[in-house]
$ cat structure-v2.txt   # compact mmCIF, N, CA and C atoms
# COMPACT_ATOMS: atom_id res chain seq x y z
N MET A 1 -11.14 -9.17 -2.56
CA MET A 1 -10.29 -8.04 -2.30
C MET A 1 -9.92 -7.38 -3.62
N GLY A 2 -9.61 -6.10 -3.55
CA GLY A 2 -9.25 -5.37 -4.75
C GLY A 2 -7.82 -5.61 -5.18
N ASN A 3 -7.48 -5.06 -6.30
CA ASN A 3 -6.12 -5.21 -6.83
C ASN A 3 -5.07 -4.58 -5.92
N GLY A 4 -5.42 -3.47 -5.27
CA GLY A 4 -4.47 -2.82 -4.38
C GLY A 4 -4.06 -3.72 -3.23
N VAL A 5 -5.02 -4.45 -2.69
CA VAL A 5 -4.72 -5.39 -1.60
C VAL A 5 -3.76 -6.46 -2.10
N GLU A 6 -4.01 -6.99 -3.27
CA GLU A 6 -3.12 -8.02 -3.83
C GLU A 6 -1.72 -7.45 -4.07
N PHE A 7 -1.65 -6.21 -4.52
CA PHE A 7 -0.37 -5.55 -4.74
C PHE A 7 0.39 -5.42 -3.42
N VAL A 8 -0.30 -5.00 -2.37
CA VAL A 8 0.33 -4.85 -1.06
C VAL A 8 0.78 -6.21 -0.53
N LYS A 9 -0.01 -7.24 -0.78
CA LYS A 9 0.38 -8.59 -0.34
C LYS A 9 1.67 -9.02 -1.02
N ARG A 10 1.86 -8.65 -2.27
CA ARG A 10 3.12 -8.98 -2.96
C ARG A 10 4.28 -8.15 -2.42
N ALA A 11 3.99 -6.91 -2.03
CA ALA A 11 5.04 -6.02 -1.50
C ALA A 11 5.44 -6.39 -0.07
N PHE A 12 4.51 -6.96 0.68
CA PHE A 12 4.74 -7.34 2.07
C PHE A 12 4.43 -8.83 2.21
N GLU A 13 5.17 -9.65 1.48
CA GLU A 13 4.86 -11.07 1.32
C GLU A 13 4.63 -11.82 2.64
N LYS A 14 5.41 -11.55 3.63
CA LYS A 14 5.32 -12.31 4.88
C LYS A 14 4.16 -11.87 5.76
N ARG A 15 3.42 -10.88 5.33
CA ARG A 15 2.33 -10.34 6.14
C ARG A 15 0.97 -10.56 5.48
N ASP A 16 0.89 -11.46 4.51
CA ASP A 16 -0.33 -11.59 3.71
C ASP A 16 -1.57 -11.93 4.53
N LYS A 17 -1.43 -12.73 5.56
CA LYS A 17 -2.60 -13.08 6.38
C LYS A 17 -3.14 -11.85 7.11
N VAL A 18 -2.25 -11.07 7.70
CA VAL A 18 -2.67 -9.86 8.41
C VAL A 18 -3.28 -8.87 7.42
N ILE A 19 -2.70 -8.76 6.25
CA ILE A 19 -3.22 -7.85 5.22
C ILE A 19 -4.64 -8.26 4.85
N ASP A 20 -4.88 -9.55 4.62
CA ASP A 20 -6.22 -10.03 4.30
C ASP A 20 -7.21 -9.71 5.41
N GLU A 21 -6.81 -9.97 6.65
CA GLU A 21 -7.70 -9.73 7.79
C GLU A 21 -8.04 -8.25 7.93
N LEU A 22 -7.03 -7.40 7.82
CA LEU A 22 -7.24 -5.97 7.96
C LEU A 22 -8.08 -5.43 6.80
N ALA A 23 -7.78 -5.86 5.60
CA ALA A 23 -8.52 -5.39 4.43
C ALA A 23 -9.99 -5.82 4.48
N ALA A 24 -10.24 -6.97 5.06
CA ALA A 24 -11.62 -7.47 5.14
C ALA A 24 -12.50 -6.60 6.02
N ARG A 25 -11.89 -5.90 6.97
CA ARG A 25 -12.71 -5.14 7.92
C ARG A 25 -12.47 -3.63 7.90
N ASN A 26 -11.54 -3.16 7.05
CA ASN A 26 -11.18 -1.74 7.13
C ASN A 26 -11.12 -1.13 5.73
N GLU A 27 -12.15 -0.36 5.41
CA GLU A 27 -12.23 0.27 4.09
C GLU A 27 -11.08 1.26 3.87
N GLY A 28 -10.69 1.99 4.91
CA GLY A 28 -9.59 2.94 4.80
C GLY A 28 -8.29 2.24 4.43
N PHE A 29 -8.07 1.06 5.00
CA PHE A 29 -6.87 0.30 4.65
C PHE A 29 -6.93 -0.17 3.21
N ARG A 30 -8.10 -0.62 2.77
CA ARG A 30 -8.24 -1.04 1.36
C ARG A 30 -7.95 0.14 0.43
N ASP A 31 -8.46 1.32 0.79
CA ASP A 31 -8.19 2.52 -0.02
C ASP A 31 -6.69 2.82 -0.05
N LEU A 32 -6.03 2.71 1.10
CA LEU A 32 -4.59 2.94 1.15
C LEU A 32 -3.85 1.97 0.24
N CYS A 33 -4.28 0.71 0.24
CA CYS A 33 -3.67 -0.29 -0.64
C CYS A 33 -3.84 0.09 -2.11
N ASP A 34 -5.05 0.53 -2.47
CA ASP A 34 -5.30 0.96 -3.85
C ASP A 34 -4.41 2.14 -4.22
N GLU A 35 -4.31 3.10 -3.32
CA GLU A 35 -3.49 4.29 -3.59
C GLU A 35 -2.00 3.93 -3.69
N PHE A 36 -1.57 2.98 -2.88
CA PHE A 36 -0.18 2.51 -2.93
C PHE A 36 0.12 1.88 -4.29
N GLU A 37 -0.79 1.08 -4.78
CA GLU A 37 -0.61 0.46 -6.10
C GLU A 37 -0.58 1.53 -7.19
N ILE A 38 -1.49 2.48 -7.13
CA ILE A 38 -1.55 3.55 -8.13
C ILE A 38 -0.25 4.35 -8.13
N ALA A 39 0.24 4.72 -6.95
CA ALA A 39 1.48 5.49 -6.86
C ALA A 39 2.65 4.72 -7.44
N ASN A 40 2.74 3.43 -7.16
CA ASN A 40 3.81 2.61 -7.73
C ASN A 40 3.69 2.53 -9.24
N ASN A 41 2.47 2.39 -9.75
CA ASN A 41 2.27 2.34 -11.20
C ASN A 41 2.65 3.67 -11.85
N GLU A 42 2.30 4.77 -11.19
CA GLU A 42 2.63 6.08 -11.73
C GLU A 42 4.14 6.32 -11.72
N GLU A 43 4.80 5.89 -10.65
CA GLU A 43 6.26 6.03 -10.63
C GLU A 43 6.87 5.27 -11.81
N GLU A 44 6.39 4.06 -12.03
CA GLU A 44 6.91 3.26 -13.15
C GLU A 44 6.61 3.94 -14.50
N ARG A 45 5.43 4.51 -14.62
CA ARG A 45 5.08 5.22 -15.86
C ARG A 45 6.03 6.39 -16.09
N TRP A 46 6.36 7.13 -15.03
CA TRP A 46 7.28 8.25 -15.18
C TRP A 46 8.69 7.77 -15.49
N ARG A 47 9.07 6.61 -15.01
CA ARG A 47 10.40 6.06 -15.34
C ARG A 47 10.52 5.79 -16.84
N GLN A 48 9.41 5.50 -17.47
CA GLN A 48 9.40 5.23 -18.91
C GLN A 48 9.34 6.52 -19.74
N SER A 49 9.03 7.62 -19.09
CA SER A 49 8.81 8.89 -19.77
C SER A 49 10.12 9.56 -20.19
N THR A 50 10.00 10.38 -21.21
CA THR A 50 11.12 11.22 -21.63
C THR A 50 10.81 12.70 -21.41
N ALA A 51 9.70 12.98 -20.70
CA ALA A 51 9.29 14.36 -20.43
C ALA A 51 10.34 15.07 -19.58
N PRO A 52 10.45 16.37 -19.75
CA PRO A 52 11.46 17.13 -19.00
C PRO A 52 11.28 17.05 -17.48
N GLU A 53 10.05 16.87 -17.02
CA GLU A 53 9.79 16.82 -15.58
C GLU A 53 9.91 15.41 -15.00
N ARG A 54 10.40 14.48 -15.79
CA ARG A 54 10.50 13.07 -15.41
C ARG A 54 11.15 12.87 -14.04
N ASP A 55 12.34 13.38 -13.84
CA ASP A 55 13.08 13.16 -12.60
C ASP A 55 12.36 13.75 -11.39
N GLU A 56 11.77 14.91 -11.58
CA GLU A 56 11.02 15.54 -10.48
C GLU A 56 9.82 14.69 -10.09
N ARG A 57 9.10 14.19 -11.06
CA ARG A 57 7.91 13.37 -10.78
C ARG A 57 8.31 12.04 -10.13
N ILE A 58 9.38 11.44 -10.59
CA ILE A 58 9.86 10.20 -9.98
C ILE A 58 10.19 10.44 -8.51
N ALA A 59 10.87 11.52 -8.23
CA ALA A 59 11.23 11.84 -6.84
C ALA A 59 9.97 12.05 -5.99
N GLU A 60 8.98 12.73 -6.55
CA GLU A 60 7.73 12.95 -5.82
C GLU A 60 7.04 11.63 -5.51
N TYR A 61 6.96 10.75 -6.50
CA TYR A 61 6.30 9.46 -6.29
C TYR A 61 7.09 8.58 -5.33
N LYS A 62 8.40 8.62 -5.39
CA LYS A 62 9.20 7.85 -4.44
C LYS A 62 8.91 8.29 -3.01
N GLU A 63 8.83 9.59 -2.80
CA GLU A 63 8.52 10.11 -1.47
C GLU A 63 7.12 9.68 -1.02
N LEU A 64 6.15 9.81 -1.92
CA LEU A 64 4.78 9.42 -1.62
C LEU A 64 4.70 7.92 -1.30
N ILE A 65 5.37 7.12 -2.08
CA ILE A 65 5.37 5.67 -1.87
C ILE A 65 5.98 5.32 -0.52
N GLU A 66 7.04 6.00 -0.14
CA GLU A 66 7.67 5.73 1.15
C GLU A 66 6.73 6.10 2.30
N ILE A 67 6.05 7.22 2.18
CA ILE A 67 5.09 7.63 3.21
C ILE A 67 3.98 6.58 3.33
N MET A 68 3.45 6.13 2.20
CA MET A 68 2.39 5.12 2.23
C MET A 68 2.89 3.78 2.75
N ARG A 69 4.13 3.42 2.41
CA ARG A 69 4.70 2.17 2.92
C ARG A 69 4.76 2.19 4.44
N ILE A 70 5.15 3.33 4.99
CA ILE A 70 5.21 3.47 6.44
C ILE A 70 3.80 3.38 7.03
N GLU A 71 2.82 4.03 6.40
CA GLU A 71 1.44 3.95 6.88
C GLU A 71 0.93 2.52 6.86
N ILE A 72 1.25 1.79 5.81
CA ILE A 72 0.82 0.39 5.72
C ILE A 72 1.48 -0.42 6.83
N GLU A 73 2.77 -0.24 7.02
CA GLU A 73 3.47 -0.96 8.09
C GLU A 73 2.87 -0.65 9.45
N GLN A 74 2.55 0.61 9.70
CA GLN A 74 1.95 0.99 10.98
C GLN A 74 0.58 0.35 11.16
N ALA A 75 -0.21 0.34 10.10
CA ALA A 75 -1.53 -0.29 10.18
C ALA A 75 -1.42 -1.78 10.45
N LEU A 76 -0.44 -2.43 9.82
CA LEU A 76 -0.24 -3.86 10.05
C LEU A 76 0.23 -4.13 11.47
N GLU A 77 1.13 -3.29 11.97
CA GLU A 77 1.61 -3.45 13.35
C GLU A 77 0.46 -3.27 14.34
N ALA A 78 -0.38 -2.27 14.10
CA ALA A 78 -1.52 -2.03 14.98
C ALA A 78 -2.50 -3.19 14.93
N ALA A 79 -2.69 -3.78 13.75
CA ALA A 79 -3.61 -4.91 13.62
C ALA A 79 -3.09 -6.12 14.37
N VAL A 80 -1.78 -6.31 14.38
CA VAL A 80 -1.19 -7.43 15.10
C VAL A 80 -1.28 -7.18 16.61
N ALA A 81 -1.06 -5.93 17.01
CA ALA A 81 -1.10 -5.58 18.44
C ALA A 81 -2.51 -5.71 19.01
N MET A 82 -3.51 -5.42 18.18
CA MET A 82 -4.91 -5.51 18.61
C MET A 82 -5.67 -6.35 17.60
N PRO A 83 -5.50 -7.69 17.63
CA PRO A 83 -6.16 -8.54 16.64
C PRO A 83 -7.68 -8.43 16.71
N PHE A 84 -8.29 -8.61 15.58
CA PHE A 84 -9.74 -8.54 15.48
C PHE A 84 -10.33 -9.82 16.02
N LYS A 85 -11.29 -9.66 16.92
CA LYS A 85 -12.01 -10.80 17.44
C LYS A 85 -13.49 -10.49 17.31
N PRO A 86 -14.24 -11.40 16.69
CA PRO A 86 -15.68 -11.15 16.57
C PRO A 86 -16.33 -11.13 17.96
N PRO A 87 -17.42 -10.38 18.11
CA PRO A 87 -18.09 -10.33 19.40
C PRO A 87 -18.63 -11.70 19.81
N ARG A 88 -18.63 -11.94 21.10
CA ARG A 88 -19.17 -13.20 21.62
C ARG A 88 -20.68 -13.17 21.56
N ARG A 89 -21.24 -14.30 21.37
CA ARG A 89 -22.71 -14.41 21.32
C ARG A 89 -23.23 -15.10 22.53

$ encode --input "structure-v2.txt" --output "structure tokens"
Amino acid sequence: MGNGVEFVKRAFEKRDKVIDELAARNEGFRDLCDEFEIANNEEERWRQSTAPERDERIAEYKELIEIMRIEIEQALEAAVAMPFKPPRR
């Protein structure tokens, strides 16, 4: 799994098994995890900044992170509601 998946597993500690299962079969979810990690890293980078637009950028990243957090939670809930089962042979 990529770094984004590991980051999401740390952010949603009690859901690590579901995260692994979903990430193993869903490229879009893996991409969302990567983007979530990038957004968190960028927010932290802006927190260290002294640029005049610092506060505006932090607010933008906070909003983006919250939207992605909700998307991740929804994907995890959907994965639990409809667990993956391999086809029968």

$ residues_around --input "structure-v2.txt" --residues "Tyr61 (chain A)" --least-positions-apart "3" --cutoff "8 Å" --atoms "all atoms listed in the file" --output "PyMOL selection string"
chain A and resi 39-40+42-44+55-58+64-67

$ select_by_dssp --input "structure-v2.txt" --residues "chain A" --states "alpha helix (DSSP H)" --output "JSON, numbers by chain"
{"A": [3, 4, 5, 6, 7, 8, 9, 10, 11, 16, 17, 18, 19, 20, 21, 22, 23, 24, 25, 27, 28, 29, 30, 31, 32, 33, 34, 35, 36, 37, 38, 39, 40, 41, 42, 43, 44, 45, 46, 47, 48, 54, 55, 56, 57, 58, 59, 60, 61, 62, 63, 64, 65, 66, 67, 68, 69, 70, 71, 72, 73, 74, 75, 76, 77, 78, 79, 80, 81]}

$ atom_distance --input "structure-v2.txt" --atom1 "atom C of Gly28 (chain A)" --atom2 "CA of Arg10 (chain A)"
17.6 Å

$ atom_distance --input "structure-v2.txt" --atom1 "CA of Val8 (chain A)" --atom2 "CA of Ile72 (chain A)"
8.6 Å

$ atom_distance --input "structure-v2.txt" --atom1 "atom N of Val5 (chain A)" --atom2 "atom N of Ile38 (chain A)"
9.0 Å

$ closest_residue --input "structure-v2.txt" --among "A:Leu32, A:Ala81, A:Asn26, A:Arg47" --to "Met68 (chain A)" --atoms "all atoms listed in the file"
A:Leu32

$ closest_residue --input "structure-v2.txt" --among "A:Arg45, A:Val80, A:Phe36, A:Val18" --to "Glu63 (chain A)" --atoms "only C-alpha atoms"
A:Phe36

$ residues_around --input "structure-v2.txt" --residues "Glu6 (chain A)" --least-positions-apart "6" --cutoff "8 Å" --atoms "all atoms listed in the file" --output "list of chain:residue names"
A:Phe12, A:Cys33, A:Asp34

$ closest_residue --input "structure-v2.txt" --among "A:Trp46, A:Arg54, A:Glu13, A:Gly4" --to "Phe29 (chain A)" --atoms "all atoms listed in the file"
A:Gly4

$ axis_aligned_box --input "structure-v2.txt" --around "region 57-66 of chain A" --padding-each-side "6 Å" --output "lines of an AutoDock Vina configuration file"
center_x = 8.0
center_y = 9.8
center_z = -4.4
size_x = 18.5
size_y = 20.9
size_z = 25.4

$ closest_residue --input "structure-v2.txt" --among "A:Met82, A:Leu76, A:Arg30, A:Pro52" --to "Arg15 (chain A)" --atoms "all atoms listed in the file"
A:Leu76

$ closest_residue --input "structure-v2.txt" --among "A:Gln74, A:Glu37, A:Lys17, A:Leu22" --to "Asn3 (chain A)" --atoms "all atoms listed in the file"
A:Glu37

$ build_atoms --input "structure-v2.txt" --residues "region 42-59 of chain A" --atoms "N, CA, C and O atoms" --output "PDB file, in the frame of the given file"
ATOM      1  N   GLU A  42       2.300   4.770 -11.190  1.00  0.00           N
ATOM      2  CA  GLU A  42       2.630   6.080 -11.730  1.00  0.00           C
ATOM      3  C   GLU A  42       4.140   6.320 -11.720  1.00  0.00           C
ATOM      4  O   GLU A  42       4.682   6.889 -12.676  1.00  0.00           O
ATOM      5  N   GLU A  43       4.800   5.890 -10.650  1.00  0.00           N
ATOM      6  CA  GLU A  43       6.260   6.030 -10.630  1.00  0.00           C
ATOM      7  C   GLU A  43       6.870   5.270 -11.810  1.00  0.00           C
ATOM      8  O   GLU A  43       7.748   5.785 -12.515  1.00  0.00           O
ATOM      9  N   GLU A  44       6.390   4.060 -12.030  1.00  0.00           N
ATOM     10  CA  GLU A  44       6.910   3.260 -13.150  1.00  0.00           C
ATOM     11  C   GLU A  44       6.610   3.940 -14.500  1.00  0.00           C
ATOM     12  O   GLU A  44       7.463   3.953 -15.387  1.00  0.00           O
ATOM     13  N   ARG A  45       5.430   4.510 -14.620  1.00  0.00           N
ATOM     14  CA  ARG A  45       5.080   5.220 -15.860  1.00  0.00           C
ATOM     15  C   ARG A  45       6.030   6.390 -16.090  1.00  0.00           C
ATOM     16  O   ARG A  45       6.509   6.600 -17.208  1.00  0.00           O
ATOM     17  N   TRP A  46       6.360   7.130 -15.030  1.00  0.00           N
ATOM     18  CA  TRP A  46       7.280   8.250 -15.180  1.00  0.00           C
ATOM     19  C   TRP A  46       8.690   7.770 -15.490  1.00  0.00           C
ATOM     20  O   TRP A  46       9.449   8.450 -16.179  1.00  0.00           O
ATOM     21  N   ARG A  47       9.070   6.610 -15.010  1.00  0.00           N
ATOM     22  CA  ARG A  47      10.400   6.060 -15.340  1.00  0.00           C
ATOM     23  C   ARG A  47      10.520   5.790 -16.840  1.00  0.00           C
ATOM     24  O   ARG A  47      11.609   5.852 -17.387  1.00  0.00           O
ATOM     25  N   GLN A  48       9.410   5.500 -17.470  1.00  0.00           N
ATOM     26  CA  GLN A  48       9.400   5.230 -18.910  1.00  0.00           C
ATOM     27  C   GLN A  48       9.340   6.520 -19.740  1.00  0.00           C
ATOM     28  O   GLN A  48       9.565   6.503 -20.941  1.00  0.00           O
ATOM     29  N   SER A  49       9.030   7.620 -19.090  1.00  0.00           N
ATOM     30  CA  SER A  49       8.810   8.890 -19.770  1.00  0.00           C
ATOM     31  C   SER A  49      10.120   9.560 -20.190  1.00  0.00           C
ATOM     32  O   SER A  49      11.168   9.348 -19.586  1.00  0.00           O
ATOM     33  N   THR A  50      10.000  10.380 -21.210  1.00  0.00           N
ATOM     34  CA  THR A  50      11.120  11.220 -21.630  1.00  0.00           C
ATOM     35  C   THR A  50      10.810  12.700 -21.410  1.00  0.00           C
ATOM     36  O   THR A  50      11.550  13.574 -21.850  1.00  0.00           O
ATOM     37  N   ALA A  51       9.700  12.980 -20.700  1.00  0.00           N
ATOM     38  CA  ALA A  51       9.290  14.360 -20.430  1.00  0.00           C
ATOM     39  C   ALA A  51      10.340  15.070 -19.580  1.00  0.00           C
ATOM     40  O   ALA A  51      11.032  14.442 -18.772  1.00  0.00           O
ATOM     41  N   PRO A  52      10.450  16.370 -19.750  1.00  0.00           N
ATOM     42  CA  PRO A  52      11.460  17.130 -19.000  1.00  0.00           C
ATOM     43  C   PRO A  52      11.280  17.050 -17.480  1.00  0.00           C
ATOM     44  O   PRO A  52      12.247  17.137 -16.732  1.00  0.00           O
ATOM     45  N   GLU A  53      10.050  16.870 -17.020  1.00  0.00           N
ATOM     46  CA  GLU A  53       9.790  16.820 -15.580  1.00  0.00           C
ATOM     47  C   GLU A  53       9.910  15.410 -15.000  1.00  0.00           C
ATOM     48  O   GLU A  53       9.589  15.173 -13.840  1.00  0.00           O
ATOM     49  N   ARG A  54      10.400  14.480 -15.790  1.00  0.00           N
ATOM     50  CA  ARG A  54      10.500  13.070 -15.410  1.00  0.00           C
ATOM     51  C   ARG A  54      11.150  12.870 -14.040  1.00  0.00           C
ATOM     52  O   ARG A  54      10.576  12.253 -13.146  1.00  0.00           O
ATOM     53  N   ASP A  55      12.340  13.380 -13.840  1.00  0.00           N
ATOM     54  CA  ASP A  55      13.080  13.160 -12.600  1.00  0.00           C
ATOM     55  C   ASP A  55      12.360  13.750 -11.390  1.00  0.00           C
ATOM     56  O   ASP A  55      12.341  13.139 -10.313  1.00  0.00           O
ATOM     57  N   GLU A  56      11.770  14.910 -11.580  1.00  0.00           N
ATOM     58  CA  GLU A  56      11.020  15.540 -10.480  1.00  0.00           C
ATOM     59  C   GLU A  56       9.820  14.690 -10.090  1.00  0.00           C
ATOM     60  O   GLU A  56       9.555  14.478  -8.900  1.00  0.00           O
ATOM     61  N   ARG A  57       9.100  14.190 -11.060  1.00  0.00           N
ATOM     62  CA  ARG A  57       7.910  13.370 -10.780  1.00  0.00           C
ATOM     63  C   ARG A  57       8.310  12.040 -10.130  1.00  0.00           C
ATOM     64  O   ARG A  57       7.653  11.577  -9.200  1.00  0.00           O
ATOM     65  N   ILE A  58       9.380  11.440 -10.590  1.00  0.00           N
ATOM     66  CA  ILE A  58       9.860  10.200  -9.980  1.00  0.00           C
ATOM     67  C   ILE A  58      10.190  10.440  -8.510  1.00  0.00           C
ATOM     68  O   ILE A  58       9.793   9.645  -7.640  1.00  0.00           O
ATOM     69  N   ALA A  59      10.870  11.520  -8.230  1.00  0.00           N
ATOM     70  CA  ALA A  59      11.230  11.840  -6.840  1.00  0.00           C
ATOM     71  C   ALA A  59       9.970  12.050  -5.990  1.00  0.00           C
ATOM     72  O   ALA A  59       9.899  11.575  -4.843  1.00  0.00           O
TER      73      ALA A  59
END
